[in-house]
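Shown below: run.csv, with CSV, C-alpha atoms.
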chain,number,residue,atom,x,y,z
L,1,MET,CA,-10.4,0.2,4.2
L,2,GLY,CA,-9.7,-3.0,6.0
L,3,PRO,CA,-7.2,-5.9,6.4
L,4,THR,CA,-6.3,-8.1,3.6
L,5,ALA,CA,-8.7,-10.9,2.5
L,6,CYS,CA,-11.7,-9.5,4.3
L,7,GLY,CA,-13.8,-8.8,1.1
L,8,LYS,CA,-13.2,-5.1,0.5
L,9,SER,CA,-13.2,-5.3,-3.3
L,10,LYS,CA,-16.3,-7.5,-3.4
L,11,PHE,CA,-18.2,-5.2,-1.2
L,12,ALA,CA,-17.2,-2.1,-3.2
L,13,ILE,CA,-18.5,-3.8,-6.4
L,14,TYR,CA,-21.7,-4.7,-4.5
L,15,LEU,CA,-22.1,-1.1,-3.3
L,16,ARG,CA,-22.2,0.1,-6.9
L,17,SER,CA,-25.7,-1.2,-7.3
L,18,HIS,CA,-26.8,1.1,-4.4
L,19,LEU,CA,-24.8,4.3,-4.9
L,20,PRO,CA,-23.5,6.2,-8.0
L,21,ILE,CA,-19.9,5.5,-7.1
L,22,GLU,CA,-16.7,5.1,-9.2
L,23,LEU,CA,-14.0,2.9,-7.7
L,24,ILE,CA,-10.4,4.0,-7.1
L,25,SER,CA,-8.0,1.3,-6.1
L,26,VAL,CA,-5.8,2.0,-3.0
L,27,ASP,CA,-3.5,-1.0,-3.4
L,28,SER,CA,0.3,-0.9,-4.0
L,29,ALA,CA,0.2,-4.3,-5.7
L,30,LEU,CA,-2.8,-4.0,-8.0
L,31,ILE,CA,-1.1,-1.2,-9.9
L,32,TYR,CA,1.0,-3.8,-11.8
L,33,ARG,CA,0.0,-5.4,-15.1
L,34,ASP,CA,0.4,-9.2,-15.5
L,35,MET,CA,0.2,-9.7,-11.7
L,36,ASN,CA,-3.4,-10.8,-11.3
L,37,ILE,CA,-3.6,-14.1,-9.4
L,38,GLY,CA,-1.1,-13.3,-6.6
L,39,THR,CA,-2.6,-9.9,-5.9
L,40,SER,CA,-6.2,-11.3,-5.9
L,41,LYS,CA,-7.1,-8.7,-8.5
L,42,PRO,CA,-10.8,-8.5,-9.5
L,43,SER,CA,-11.6,-10.8,-12.4
L,44,PHE,CA,-11.7,-9.6,-16.0
L,45,SER,CA,-15.5,-9.9,-15.9
L,46,ASP,CA,-15.8,-7.8,-12.7
L,47,LEU,CA,-13.4,-5.2,-14.1
L,48,SER,CA,-15.4,-5.0,-17.4
L,49,ASN,CA,-18.6,-4.4,-15.5
L,50,HIS,CA,-17.1,-2.4,-12.6
L,51,PRO,CA,-14.0,-0.5,-13.7
L,52,HIS,CA,-11.4,0.5,-11.1
L,53,HIS,CA,-9.1,3.5,-11.5
L,54,LEU,CA,-5.4,3.0,-10.7
L,55,LEU,CA,-5.4,-0.7,-11.7
L,56,ASN,CA,-2.8,-2.1,-14.2
L,57,ILE,CA,-1.1,1.3,-14.6
L,58,LYS,CA,2.5,0.1,-14.3
L,59,ASP,CA,4.7,-2.6,-15.8
L,60,PRO,CA,6.4,-4.8,-13.1
L,61,SER,CA,9.7,-3.2,-14.1
L,62,GLU,CA,8.5,0.2,-13.0
L,63,ASN,CA,8.3,1.8,-9.5
L,64,TYR,CA,5.4,3.8,-8.2
L,65,SER,CA,5.8,6.2,-5.3
L,66,VAL,CA,3.3,7.4,-2.7
L,67,ALA,CA,3.7,10.9,-4.1
L,68,GLU,CA,2.6,9.6,-7.5
L,69,PHE,CA,-0.4,7.9,-6.0
L,70,GLN,CA,-1.4,11.1,-4.2
L,71,ARG,CA,-1.1,13.1,-7.4
L,72,ASP,CA,-3.0,10.6,-9.5
L,73,ALA,CA,-5.8,9.9,-7.0
L,74,LEU,CA,-6.5,13.6,-6.6
L,75,LYS,CA,-6.8,14.1,-10.3
L,76,ILE,CA,-9.2,11.2,-10.6
L,77,ILE,CA,-11.3,12.3,-7.6
L,78,ILE,CA,-11.7,15.8,-9.2
L,79,ASN,CA,-12.9,14.3,-12.5
L,80,ILE,CA,-15.3,11.9,-10.7
L,81,ILE,CA,-16.9,14.7,-8.7
L,82,LYS,CA,-17.2,16.8,-11.9
L,83,SER,CA,-19.1,14.0,-13.5
L,84,GLY,CA,-21.6,14.0,-10.6
L,85,LYS,CA,-20.6,10.7,-9.1
L,86,ILE,CA,-19.0,9.8,-5.8
L,87,PRO,CA,-15.4,8.7,-5.6
L,88,CYS,CA,-15.0,5.5,-3.6
L,89,LEU,CA,-11.5,4.5,-2.6
L,90,VAL,CA,-11.0,0.9,-1.8
L,91,GLY,CA,-7.9,-1.1,-0.7
L,92,GLY,CA,-5.6,-1.9,2.1
L,93,THR,CA,-2.4,0.2,1.5
L,94,MET,CA,-2.8,2.4,4.6
L,95,PHE,CA,0.1,4.6,3.9
L,96,TYR,CA,-1.5,5.7,0.6
L,97,TYR,CA,-4.6,6.7,2.5
L,98,LYS,CA,-2.6,8.6,5.1
L,99,ALA,CA,-0.6,10.5,2.4
L,100,LEU,CA,-3.8,11.3,0.5
L,101,LEU,CA,-5.7,12.6,3.5
L,102,ASN,CA,-2.9,14.3,5.4
L,103,GLY,CA,-0.5,15.4,2.6
L,104,LEU,CA,3.1,14.7,2.1
L,105,SER,CA,6.2,16.5,3.4
L,106,ILE,CA,8.1,18.5,0.7
L,107,LEU,CA,11.6,16.9,0.6
L,108,PRO,CA,14.4,17.5,-1.9
L,109,GLU,CA,15.1,14.8,-4.5
L,110,SER,CA,18.0,12.4,-3.8
L,111,ASN,CA,21.4,13.5,-5.1
L,112,VAL,CA,24.0,10.9,-5.9
L,113,ASN,CA,26.9,13.3,-5.6
L,114,ILE,CA,25.8,14.6,-2.2
L,115,ARG,CA,25.5,11.0,-0.9
L,116,LYS,CA,29.0,10.2,-2.2
L,117,TYR,CA,30.4,13.2,-0.4
L,118,ILE,CA,28.6,12.3,2.9
L,119,LEU,CA,29.9,8.7,2.7
L,120,GLN,CA,33.5,9.8,1.9
L,121,GLU,CA,33.5,12.1,4.9
L,122,ASN,CA,32.1,9.4,7.3
L,123,TYR,CA,33.8,6.1,7.5
L,124,ASN,CA,31.2,3.9,9.1
L,125,LYS,CA,27.5,3.7,10.2
L,126,ASN,CA,28.3,5.0,13.7
L,127,CYS,CA,30.0,8.1,12.3
L,128,LEU,CA,27.0,8.8,10.1
L,129,HIS,CA,24.6,8.5,13.0
L,130,ASP,CA,26.8,10.6,15.3
L,131,LYS,CA,26.8,13.3,12.7
L,132,LEU,CA,23.0,13.1,12.5
L,133,LYS,CA,22.8,13.5,16.3
L,134,ILE,CA,24.5,16.8,15.9
L,135,ILE,CA,22.5,18.1,12.9
L,136,ASP,CA,19.1,16.7,13.7
L,137,PRO,CA,18.9,15.1,17.2
L,138,ILE,CA,15.1,14.4,16.9
L,139,SER,CA,15.6,12.3,13.7
L,140,ALA,CA,18.6,10.6,15.3
L,141,ILE,CA,16.4,9.4,18.1
L,142,ARG,CA,13.8,8.2,15.7
L,143,ILE,CA,16.2,6.4,13.2
L,144,HIS,CA,18.1,3.4,14.3
L,145,PRO,CA,21.9,3.6,13.7
L,146,ASN,CA,21.8,0.4,11.7
L,147,ASP,CA,19.2,1.9,9.3
L,148,ILE,CA,21.9,3.3,7.0
L,149,GLN,CA,19.5,4.3,4.2
L,150,ARG,CA,17.3,6.4,6.4
L,151,VAL,CA,20.3,7.9,8.3
L,152,LEU,CA,21.9,8.8,5.0
L,153,ARG,CA,18.7,10.3,3.6
L,154,ALA,CA,18.3,12.5,6.7
L,155,LEU,CA,21.8,13.8,6.3
L,156,GLU,CA,21.3,14.3,2.5
L,157,VAL,CA,18.2,16.4,3.1
L,158,PHE,CA,20.1,18.7,5.4
L,159,PHE,CA,23.1,19.1,3.0
L,160,ILE,CA,20.8,19.8,0.0
L,161,SER,CA,18.3,22.1,1.7
L,162,GLY,CA,20.0,23.5,4.7
L,163,LYS,CA,17.0,22.4,6.8
L,164,THR,CA,16.7,19.3,8.9
L,165,LEU,CA,14.4,16.4,8.1
L,166,THR,CA,12.5,17.2,11.3
L,167,GLU,CA,11.8,20.8,10.1
L,168,LEU,CA,10.7,19.8,6.6
L,169,THR,CA,8.4,16.9,7.6
L,170,GLN,CA,6.4,19.4,9.7
L,171,ASN,CA,5.3,21.2,6.5
L,172,LYS,CA,2.8,19.2,4.4
L,173,SER,CA,1.7,19.8,0.8
L,174,ASN,CA,-1.6,18.9,-1.0
L,175,VAL,CA,-3.7,18.3,2.1
L,176,PHE,CA,-7.0,16.6,1.1
L,177,PRO,CA,-9.5,19.4,0.2
L,178,TYR,CA,-12.7,17.3,0.5
L,179,ASN,CA,-15.0,16.0,3.2
L,180,VAL,CA,-14.6,12.3,3.5
L,181,LEU,CA,-16.5,9.4,5.1
L,182,GLN,CA,-14.2,6.6,6.2
L,183,PHE,CA,-15.3,2.9,6.5
L,184,ALA,CA,-13.4,-0.2,7.5
L,185,MET,CA,-14.6,-3.6,6.6
L,186,MET,CA,-13.6,-5.9,9.5
L,187,PRO,CA,-13.7,-9.7,9.8
L,188,PRO,CA,-15.5,-11.3,12.8
L,189,ASN,CA,-12.2,-12.3,14.3
L,190,LYS,CA,-8.6,-13.0,13.5
L,191,LYS,CA,-9.0,-16.7,13.4
L,192,TRP,CA,-11.6,-16.3,10.7
L,193,LEU,CA,-9.3,-14.0,8.8
L,194,TYR,CA,-6.3,-16.3,9.1
L,195,ASN,CA,-8.3,-19.2,7.8
L,196,LYS,CA,-9.5,-17.0,4.9
L,197,ILE,CA,-5.8,-16.2,4.1
L,198,LYS,CA,-5.0,-20.0,3.9
L,199,ILE,CA,-8.1,-20.7,1.7
L,200,ARG,CA,-7.1,-17.8,-0.6
L,201,LEU,CA,-3.6,-19.1,-1.0
L,202,ASP,CA,-4.9,-22.5,-2.0
L,203,HIS,CA,-7.1,-20.9,-4.6
L,204,MET,CA,-4.2,-18.8,-5.9
L,205,LEU,CA,-2.1,-22.0,-6.4
L,206,SER,CA,-4.9,-23.9,-8.1
L,207,SER,CA,-5.5,-20.9,-10.4
L,208,GLY,CA,-2.0,-21.0,-11.7
L,209,PHE,CA,-0.1,-18.6,-9.5
L,210,GLN,CA,3.2,-20.4,-10.0
L,211,LYS,CA,2.9,-20.1,-13.8
L,212,GLU,CA,2.1,-16.4,-13.4
L,213,VAL,CA,5.3,-15.8,-11.4
L,214,GLU,CA,7.3,-18.0,-13.8
L,215,LYS,CA,6.4,-15.8,-16.7
L,216,LEU,CA,7.7,-12.8,-14.8
L,217,TYR,CA,10.8,-14.7,-13.7
L,218,TYR,CA,11.7,-15.8,-17.3
L,219,ARG,CA,11.2,-12.3,-18.7
L,220,GLY,CA,14.8,-11.7,-17.8
L,221,ASP,CA,14.5,-8.0,-16.9
L,222,LEU,CA,13.0,-8.3,-13.4
L,223,ASN,CA,14.6,-9.0,-10.0
L,224,VAL,CA,13.6,-9.5,-6.4
L,225,GLU,CA,14.6,-6.0,-5.4
L,226,LEU,CA,11.9,-4.4,-7.6
L,227,GLN,CA,8.8,-3.1,-5.8
L,228,SER,CA,6.6,-5.4,-7.8
L,229,ILE,CA,8.5,-8.6,-7.0
L,230,ARG,CA,8.7,-7.6,-3.3
L,231,CYS,CA,4.9,-7.9,-3.1
L,232,ILE,CA,3.8,-10.7,-0.8
L,233,GLY,CA,3.6,-14.0,-2.6
L,234,TYR,CA,5.7,-13.0,-5.5
L,235,ARG,CA,8.9,-12.6,-3.5
L,236,GLN,CA,8.4,-16.0,-1.8
L,237,MET,CA,7.6,-17.7,-5.1
L,238,TRP,CA,10.6,-16.0,-6.7
L,239,GLU,CA,12.9,-17.4,-4.0
L,240,TYR,CA,11.4,-20.9,-4.6
L,241,LEU,CA,12.1,-20.6,-8.4
L,242,GLU,CA,15.7,-19.7,-7.5
L,243,TYR,CA,15.9,-22.9,-5.4
L,244,LYS,CA,16.5,-20.9,-2.2
L,245,THR,CA,13.5,-22.5,-0.4
L,246,SER,CA,11.4,-25.6,-0.6
L,247,PHE,CA,7.8,-25.6,-1.8
L,248,GLN,CA,6.5,-26.0,1.8
L,249,GLU,CA,8.8,-23.3,3.1
L,250,MET,CA,7.5,-21.0,0.4
L,251,LEU,CA,3.9,-21.6,1.4
L,252,TYR,CA,4.8,-21.0,5.1
L,253,LYS,CA,6.5,-17.8,4.3
L,254,ILE,CA,3.6,-16.5,2.2
L,255,ILE,CA,1.1,-17.3,5.0
L,256,HIS,CA,3.4,-15.7,7.6
L,257,ALA,CA,4.0,-12.5,5.5
L,258,THR,CA,0.2,-12.2,4.8
L,259,LYS,CA,-0.6,-12.5,8.5
L,260,LYS,CA,2.0,-9.9,9.3
L,261,LEU,CA,0.5,-7.6,6.8
L,262,ALA,CA,-3.0,-8.1,8.3
L,263,LYS,CA,-1.6,-7.4,11.8
L,264,HIS,CA,0.0,-4.2,10.5
L,265,GLN,CA,-3.3,-3.1,8.9
L,266,PHE,CA,-5.2,-3.8,12.2
L,267,THR,CA,-2.6,-1.6,14.0
L,268,TRP,CA,-3.2,1.3,11.5
L,269,LEU,CA,-7.0,0.9,11.8
L,270,LYS,CA,-7.0,0.9,15.7
L,271,LYS,CA,-5.3,4.3,15.6
L,272,TRP,CA,-7.5,5.7,12.7
L,273,LYS,CA,-9.9,8.5,13.7
L,274,ASP,CA,-13.5,9.0,12.5
L,275,ILE,CA,-14.0,5.5,11.1
L,276,TYR,CA,-17.2,3.5,10.8
L,277,ILE,CA,-17.0,-0.2,11.1
L,278,LEU,CA,-18.7,-2.5,8.5
L,279,ASP,CA,-19.6,-6.1,8.9
L,280,ASN,CA,-18.0,-8.2,6.2
L,281,GLN,CA,-20.4,-11.1,6.8
L,282,ASP,CA,-23.5,-9.1,5.9
L,283,PHE,CA,-23.2,-6.8,2.8
L,284,ASN,CA,-26.8,-5.7,3.0
L,285,LEU,CA,-26.3,-4.5,6.6
L,286,SER,CA,-23.2,-2.7,5.6
L,287,VAL,CA,-24.9,-0.9,2.8
L,288,LYS,CA,-27.7,0.1,5.2
L,289,ILE,CA,-25.1,1.6,7.6
L,290,ILE,CA,-23.6,3.6,4.8
L,291,LEU,CA,-27.0,4.9,3.5
L,292,ASP,CA,-28.1,5.8,7.0
L,293,ILE,CA,-25.0,7.8,7.6
L,294,LEU,CA,-25.5,9.6,4.2
L,295,LYS,CA,-29.1,10.5,5.3
L,296,LYS,CA,-27.9,11.8,8.6
L,297,ILE,CA,-25.5,14.3,6.9
L,298,ASN,CA,-28.3,15.2,4.4
L,299,TYR,CA,-26.3,13.9,1.5
L,300,ILE,CA,-28.6,14.1,-1.6
L,301,LEU,CA,-28.4,10.9,-3.8
Taking this structure as input, can you express it in the form of structure tokens?
Amino acid sequence: MGPTACGKSKFAIYLRSHLPIELISVDSALIYRDMNIGTSKPSFSDLSNHPHHLLNIKDPSENYSVAEFQRDALKIIINIIKSGKIPCLVGGTMFYYKALLNGLSILPESNVNIRKYILQENYNKNCLHDKLKIIDPISAIRIHPNDIQRVLRALEVFFISGKTLTELTQNKSNVFPYNVLQFAMMPPNKKWLYNKIKIRLDHMLSSGFQKEVEKLYYRGDLNVELQSIRCIGYRQMWEYLEYKTSFQEMLYKIIHATKKLAKHQFTWLKKWKDIYILDNQDFNLSVKIILDILKKINYIL
């Protein structure tokens, strides 16, 4: 794990020369085909020599849920273990890790007719939230009245299942069945990371990022509301292509959004339990840390 732009993918590839690992991507942007430059996807050469599972599995027109990731990752992990190798998950989508390790709540699928009924019975957002206060006061405290989609979802869950969202989220499915060692590759400081983010953006632009997004833009079947186009960099470039921002504004927004993502990832990692910190400046030292830990737990290589 680790914040964006800190070298997780490069280190994971480097680690393959020291351990019998197979790599599984934990990145909600790398799943998309034809989105290579803006996602900092490993090069064709790297992927040829060091294959990653769960890369390039979706067209940008398709969505991919955390439940699908959990299902797919578990299947791949089982197969890797059967082959006698070590599954190594690498990426920065922290919610994917959380869902994989802790399981997901079993919730009913959305129902259009139920939603229409709820909306017909309640005339505005305040009415919706007031109804939620009665049905599920704990969710009502947690969900802001202006967050209509989440309020509506909480009501929908109750109308479909007869149980509150609070009740159902206490029951988890598919809790991770394996022992796991967790490592975070951390930068020396935030200033270093923010400078790296700027350098990476310059490299993306010089590598043809704008042309990559233009190809997606002119396909005609994609829009800014899709999961793929909401990815950092693509959304901002999309707005620039629609003449909604200037080139400089677009660059500023990409940097700002990437810094915000990094801050969010730092917040997750500060709260994460049982995690070993690796030095992204010294790959050899980080490998030694991992090998020493494996020896301590008597893991046979």
Original post:
So what do you get for atom CA of L:Cys88 versus atom CA of L:Trp192, distance-wise?
Top reply: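 Interatomic distance, atom CA of L:Cys88 to atom CA of L:Trp192: 26.3 Å.
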Original post:
Which one of L:Ile81, L:Leu107, L:Ala257, L:Leu278 sits closest to L:Gln170 if you count all atoms listed in the file?
Top reply: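 Of L:Ile81, L:Leu107, L:Ala257, L:Leu278, the one nearest L:Gln170 is L:Leu107, counting all atoms listed in the file.
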Original post:
What does the distance between atom CA of L:Gln248 and atom CA of L:Pro60 come to in Å, to one decimal place?
Top reply: 25.9 Å
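One distance worth recording is that between atom CA of L:Thr166 and atom CA of L:Arg115, which is 18.9 Å.
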**OP:** For stretch 34-48 of chain L, work out the shell of residues within 8 Å, counting all atoms listed in the file and skipping chain neighbours fewer than 4 positions away, then give it as an MDAnalysis selection string.
**Re:** chainID L and resid 9 13 29:30 52 56 59:60 204 207:209 212:213 233:234
Selection above as a file: C-alpha atoms, as a PDB file, in the coordinates of the input:
ATOM      1  CA  SER L   9     -13.200  -5.300  -3.300  1.00  0.00           C
ATOM      2  CA  ILE L  13     -18.500  -3.800  -6.400  1.00  0.00           C
ATOM      3  CA  ALA L  29       0.200  -4.300  -5.700  1.00  0.00           C
ATOM      4  CA  LEU L  30      -2.800  -4.000  -8.000  1.00  0.00           C
ATOM      5  CA  HIS L  52     -11.400   0.500 -11.100  1.00  0.00           C
ATOM      6  CA  ASN L  56      -2.800  -2.100 -14.200  1.00  0.00           C
ATOM      7  CA  ASP L  59       4.700  -2.600 -15.800  1.00  0.00           C
ATOM      8  CA  PRO L  60       6.400  -4.800 -13.100  1.00  0.00           C
ATOM      9  CA  MET L 204      -4.200 -18.800  -5.900  1.00  0.00           C
ATOM     10  CA  SER L 207      -5.500 -20.900 -10.400  1.00  0.00           C
ATOM     11  CA  GLY L 208      -2.000 -21.000 -11.700  1.00  0.00           C
ATOM     12  CA  PHE L 209      -0.100 -18.600  -9.500  1.00  0.00           C
ATOM     13  CA  GLU L 212       2.100 -16.400 -13.400  1.00  0.00           C
ATOM     14  CA  VAL L 213       5.300 -15.800 -11.400  1.00  0.00           C
ATOM     15  CA  GLY L 233       3.600 -14.000  -2.600  1.00  0.00           C
ATOM     16  CA  TYR L 234       5.700 -13.000  -5.500  1.00  0.00           C
TER      17      TYR L 234
END
Which polymer residues, whether protein, DNA or RNA, lie within 10 Å of the coordinate (17.6, 9.5, 0.7) when you count only C-alpha atoms? List them as a short mmCIF file (atom, residue, chain, number, x, y, z; two decimals) with C-alpha atoms, keeping the file's coordinate frame, using the chain letters and numbers from the file.
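So the final result, stored in result-v2.cif, reads:
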data_model
loop_
_atom_site.label_atom_id
_atom_site.label_comp_id
_atom_site.auth_asym_id
_atom_site.auth_seq_id
_atom_site.Cartn_x
_atom_site.Cartn_y
_atom_site.Cartn_z
CA LEU L 107 11.60 16.90 0.60
CA PRO L 108 14.40 17.50 -1.90
CA GLU L 109 15.10 14.80 -4.50
CA SER L 110 18.00 12.40 -3.80
CA ASN L 111 21.40 13.50 -5.10
CA VAL L 112 24.00 10.90 -5.90
CA ARG L 115 25.50 11.00 -0.90
CA ILE L 148 21.90 3.30 7.00
CA GLN L 149 19.50 4.30 4.20
CA ARG L 150 17.30 6.40 6.40
CA VAL L 151 20.30 7.90 8.30
CA LEU L 152 21.90 8.80 5.00
CA ARG L 153 18.70 10.30 3.60
CA ALA L 154 18.30 12.50 6.70
CA LEU L 155 21.80 13.80 6.30
CA GLU L 156 21.30 14.30 2.50
CA VAL L 157 18.20 16.40 3.10
#
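Proximity ranking of L:Ile135, L:Ala99, L:Leu19, L:Ala184 relative to L:Pro87 places L:Leu19 first, based on only C-alpha atoms.
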Subject >> Given all atoms listed in the file as the counted atoms, nearest of L:Lys98, L:Phe266, L:Asn79, L:Ile86 to L:Pro20 >> reply: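 The shortest atom-to-atom distance to L:Pro20 comes from L:Ile86.
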Subject >> Selected residue of minimal separation from L:Leu193 among L:Met1, L:Gly7, L:Gln210, L:Asn223, counting all atoms listed in the file >> reply: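 Using all atoms listed in the file, L:Leu193 sits closest to L:Gly7.
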**OP:** Could you check which of L:Leu168, L:Ala73, L:Ala67, L:Met186 is closest to L:Ser286, using all atoms listed in the file?
**Re:**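 So, comparing all the options, the nearest one is L:Met186.
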Subject >> Exercise: L:Leu201 partners within 9 Å, only C-alpha atoms, chain neighbours under 2 positions left out, as JSON, numbers by chain >> reply: {"L": [38, 196, 197, 198, 199, 203, 204, 205, 206, 233, 251, 254, 255]}
Subject >> Of the listed residues L:Ser17, L:Asn195, L:Thr169, L:Asn280, that which approaches L:Phe183 most closely, counting all atoms listed in the file >> reply: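 Once distances to L:Phe183 are computed over all atoms listed in the file, the minimum belongs to L:Asn280.
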